[in-house]
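Asks: One structure coming up, written as structure tokens, with questions to follow.
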Amino acid sequence: MEQHSRPLDALNAARGKQVIVNLKNGAMLTGKLKAFDIHINVVLDEAKETKDGEVKRQLGTVFIRGDTITIISPA
Amino acid sequence: MEQHSRPLDALNAARGKQVIVNLKNGAMLTGKLKAFDIHINVVLDEAKETKDGEVKRQLGTVFIRGDTITIISPA
Amino acid sequence: MEQHSRPLDALNAARGKQVIVNLKNGAMLTGKLKAFDIHINVVLDEAKETKDGEVKRQLGTVFIRGDTITIISPA
Amino acid sequence: MEQHSRPLDALNAARGKQVIVNLKNGAMLTGKLKAFDIHINVVLDEAKETKDGEVKRQLGTVFIRGDTITIISPA
Amino acid sequence: MEQHSRPLDALNAARGKQVIVNLKNGAMLTGKLKAFDIHINVVLDEAKETKDGEVKRQLGTVFIRGDTITIISPA
Amino acid sequence: MEQHSRPLDALNAARGKQVIVNLKNGAMLTGKLKAFDIHINVVLDEAKETKDGEVKRQLGTVFIRGDTITIISPA
Amino acid sequence: MEQHSRPLDALNAARGKQVIVNLKNGAMLTGKLKAFDIHINVVLDEAKETKDGEVKRQLGTVFIRGDTITIISPA
């Protein structure tokens with residue numbers, strides 16, 4: 001029987017890799033995906049906030065509250 | 001007895017097919033529907049963000065948080 | 001004993017019929033009500049997005065996330 | 001022992017009567033209260049949308065998603 | 001052992017008294033507190049909507065959905 | 001074993017003391033913290049609404065719905 | 001078997017350290033992370049509100065409601 005993949009499988013496959021996290025307020029965070037949970041709370045390592053391709057802030061290890069996230073994609 | 005269809009049946013029927021996902025912030029993502037769950041968290045493969053018919057960003061495999069989605073329709 | 005009707009009874013009575021779905025972002029979708037659930041996630045068949053009485057987009061079978069809906073009325 | 005009334009008792013008392021439903025987006029719907037549930041999803045019969053005392057749309061039997069409602073009062 | 005008071009105790013103490021209910025959309029409703037529940041859904045008797053101290057609308061018995069309320073204070 | 005403190009411990013320690021409550025709509029309420037619950041619904045005694053350091057409204061005992069609160073700090 | 005880290009582990013590791021908490025309304029709070037819970041309600045000690053690198057308000061021990069938070073990062 002075929003087992004359909006679930007959305008969190010995609011996040012799991014991205015662990016340890018560079019991702020871009022877009023927030024509802026328009027901010028864009030880039031970093032290494034360290035952790036996530038079912039609320040889509042996310043932790044990025046060596047994160048930075050970028051805007052129009054430029055780095056605005058070096059954030060280090062950042063905790064992002066899930067309900068502020070719109071999409072997560074590979075960097 | 002007739003069995004009424006449920007909304008997630010329609011998403012299930014769209015697995016592996018090209019869909020357009022509209023977000024609350026006005027963004028429009030197109031890609032192959034790979035996975036979804038009851039929160040309507042969605043994963044698209046080979047996704048791209050489009051605006052007015054033009055491609056703004058190639059996103060690859062993208063995770064979309066369900067509460068940011070308004071509608072999902074065939075591409 | 002009289003049995004009071006419940007809101008979902010009204011949606012059930014509209015199955016297979018043309019309905020208008022108004023969204024929080026002001027969009028208006030028209031189509032045949034195919035499915036709904038307790039979150040008011042809705043699927044319309046042969047749906048189109050209209051604005052000021054004009055068709056903006058042909059959508060086909062569209063999934064609408066419940067929390068983006070304001071009202072559902074007969075077309 | 002006195003039994004305190006609960007908010008849904010007031011809606012129950014309004015069943016079959018003309019009510020005005022105000023929505024978060026500023027819209028105002030008037031109609032006969034047919035059904036409601038604990039989420040305050042509401043169904044009005046012979047509903048119409050009004051603005052500044054003028055009828056904008058005849059809606060017929062309308063389903064209103066609870067989380068879009070601010071107040072419900074007698075018409 | 002001292003029993004700490006809970007927020008709903010304050011609403012309970014205000015039953016039958018004149019209160020002002022402020023809504024997220026800036027509206028201000030005044031009336032006699034008739035009922036409330038744990039969602040802070042509220043019913044006011046002889047309610048009126050006021051703005052800058054002037055009465056805009058006589059509402060009668062009004063049901064207010066809890067999630068639209070910011071604060072409730074004595075009139 | 002060390003017992004980590006929890007956020008509600010900080011509110012508990014502030015019972016009976018003057019606090020400032022900031023709301024999502026920008027309003028600022030000052031008063032004596034009388035009660036709170038796990039939803040962060042809050043009751044202040046002898047509360048007043050202030051703006052730019054000036055008192056706008058004397059509120060008396062005010063009930064504040066938790067989901068409208070951003071931060072609570074000592075006055 | 002490898003144990004994946006969870007988002008709250010990152011907050012736990014930041015206990016007692018200086019953090020920056022960004023809020024949905026654009027405010028930025030800096031202080032020592034004293035406590036948090038699963039809703040991401042947070043308490044900071046010796047907190048201050050900053051804007052463009054300047055201190056706007058000394059807040060002391062501040063309670064921050066979780067749903068108003070976007071990200072938490074090291075100061």
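All residue names refer to the structure tokens as shown: chains lettered A, B, ... in order, residues numbered from 1 in each chain, ligands numbered from 1 in order.
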Could you please write out, as a list in words, every residue of chain F that DSSP assigns to alpha helix (DSSP H)?
Replies: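 Of chain F, the ones in alpha helix (DSSP H) are Pro7, Leu8, Asp9, Ala10, Leu11, Asn12 and Ala13 of chain F.
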Asks: Could you list, as a list of chain:residue names, every residue within 9 Å of B:Leu8, counting only C-alpha atoms and ignoring same-chain residues fewer than 6 positions away?
Replies: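 That gives B:Phe36, B:Asp37, B:Ile38, B:Ile40, C:Ala35, C:Asn41, C:Val43, C:Phe63.
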Asks: Kindly determine which residues of chain E lie within 12 Å of chain D, considering only C-alpha atoms, and give the answer as a PyMOL selection string.
Replies: chain E and resi 12+15-16+21-29+33-49+57-70
Asks: Can you show chain D as a JSON list (two decimals) with C-alpha atoms, in the first residue's frame once it has been least-squares superposed onto chain E, using every C-alpha atom paired in order?
Replies:
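Wrote it out as result-v9.json, contents follow:
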[["chain", "number", "residue", "atom", "x", "y", "z"],
["D", 1, "MET", "CA", -5.97, 29.46, 52.82],
["D", 2, "GLU", "CA", -6.60, 32.54, 50.76],
["D", 3, "GLN", "CA", -8.58, 31.96, 47.59],
["D", 4, "HIS", "CA", -7.37, 34.15, 44.73],
["D", 5, "SER", "CA", -10.12, 35.81, 42.72],
["D", 6, "ARG", "CA", -10.45, 34.91, 39.05],
["D", 7, "PRO", "CA", -11.24, 37.21, 36.14],
["D", 8, "LEU", "CA", -14.74, 35.82, 35.62],
["D", 9, "ASP", "CA", -15.56, 36.65, 39.26],
["D", 10, "ALA", "CA", -15.33, 40.31, 38.29],
["D", 11, "LEU", "CA", -17.82, 39.79, 35.46],
["D", 12, "ASN", "CA", -20.08, 37.86, 37.80],
["D", 13, "ALA", "CA", -20.06, 40.76, 40.25],
["D", 14, "ALA", "CA", -21.13, 43.05, 37.40],
["D", 15, "ARG", "CA", -24.25, 41.03, 36.44],
["D", 16, "GLY", "CA", -27.31, 43.24, 36.30],
["D", 17, "LYS", "CA", -25.19, 46.39, 36.38],
["D", 18, "GLN", "CA", -24.42, 48.95, 33.69],
["D", 19, "VAL", "CA", -21.17, 48.20, 31.86],
["D", 20, "ILE", "CA", -19.22, 49.55, 28.91],
["D", 21, "VAL", "CA", -17.91, 46.99, 26.41],
["D", 22, "ASN", "CA", -15.15, 48.11, 24.07],
["D", 23, "LEU", "CA", -14.74, 46.21, 20.80],
["D", 24, "LYS", "CA", -11.63, 45.62, 18.67],
["D", 25, "ASN", "CA", -13.14, 47.72, 15.86],
["D", 26, "GLY", "CA", -13.32, 50.74, 18.17],
["D", 27, "ALA", "CA", -17.08, 50.51, 18.85],
["D", 28, "MET", "CA", -18.32, 51.09, 22.39],
["D", 29, "LEU", "CA", -21.47, 49.43, 23.71],
["D", 30, "THR", "CA", -23.21, 50.36, 26.96],
["D", 31, "GLY", "CA", -25.92, 48.31, 28.66],
["D", 32, "LYS", "CA", -26.88, 46.09, 31.56],
["D", 33, "LEU", "CA", -24.75, 42.94, 31.78],
["D", 34, "LYS", "CA", -27.19, 40.07, 31.45],
["D", 35, "ALA", "CA", -25.02, 37.07, 30.60],
["D", 36, "PHE", "CA", -21.48, 35.96, 29.73],
["D", 37, "ASP", "CA", -19.62, 32.68, 29.26],
["D", 38, "ILE", "CA", -16.02, 31.43, 29.31],
["D", 39, "HIS", "CA", -15.43, 32.65, 25.75],
["D", 40, "ILE", "CA", -16.47, 36.10, 27.06],
["D", 41, "ASN", "CA", -19.48, 36.05, 24.75],
["D", 42, "VAL", "CA", -21.61, 38.74, 26.39],
["D", 43, "VAL", "CA", -25.28, 39.74, 26.37],
["D", 44, "LEU", "CA", -26.27, 43.29, 27.29],
["D", 45, "ASP", "CA", -29.87, 44.43, 27.94],
["D", 46, "GLU", "CA", -31.07, 47.87, 26.85],
["D", 47, "ALA", "CA", -27.80, 48.32, 25.00],
["D", 48, "LYS", "CA", -26.75, 51.27, 22.93],
["D", 49, "GLU", "CA", -23.74, 51.99, 20.77],
["D", 50, "THR", "CA", -22.02, 55.24, 21.65],
["D", 51, "LYS", "CA", -19.29, 57.30, 20.06],
["D", 52, "ASP", "CA", -17.59, 60.27, 21.70],
["D", 53, "GLY", "CA", -20.30, 60.24, 24.37],
["D", 54, "GLU", "CA", -23.16, 60.36, 21.86],
["D", 55, "VAL", "CA", -25.64, 57.53, 21.24],
["D", 56, "LYS", "CA", -25.35, 56.18, 17.69],
["D", 57, "ARG", "CA", -27.77, 53.22, 17.85],
["D", 58, "GLN", "CA", -30.30, 51.80, 20.28],
["D", 59, "LEU", "CA", -29.67, 48.05, 20.17],
["D", 60, "GLY", "CA", -32.01, 46.50, 22.74],
["D", 61, "THR", "CA", -30.76, 43.07, 23.87],
["D", 62, "VAL", "CA", -27.46, 42.55, 22.10],
["D", 63, "PHE", "CA", -25.26, 39.47, 21.79],
["D", 64, "ILE", "CA", -21.54, 40.31, 21.53],
["D", 65, "ARG", "CA", -19.12, 37.63, 20.30],
["D", 66, "GLY", "CA", -16.31, 37.29, 22.83],
["D", 67, "ASP", "CA", -13.36, 37.45, 20.47],
["D", 68, "THR", "CA", -14.35, 40.95, 19.35],
["D", 69, "ILE", "CA", -14.15, 42.38, 22.89],
["D", 70, "THR", "CA", -11.13, 44.19, 24.33],
["D", 71, "ILE", "CA", -12.27, 45.45, 27.75],
["D", 72, "ILE", "CA", -15.36, 45.53, 29.96],
["D", 73, "SER", "CA", -15.67, 48.24, 32.60],
["D", 74, "PRO", "CA", -18.40, 49.78, 34.81],
["D", 75, "ALA", "CA", -20.54, 52.44, 33.10]]
Asks: Quick one: DSSP strand (DSSP E or B) residues in chain E, as a ChimeraX atom specification?
Replies: /E:18-23,28-36,42-51,54-64,69-74
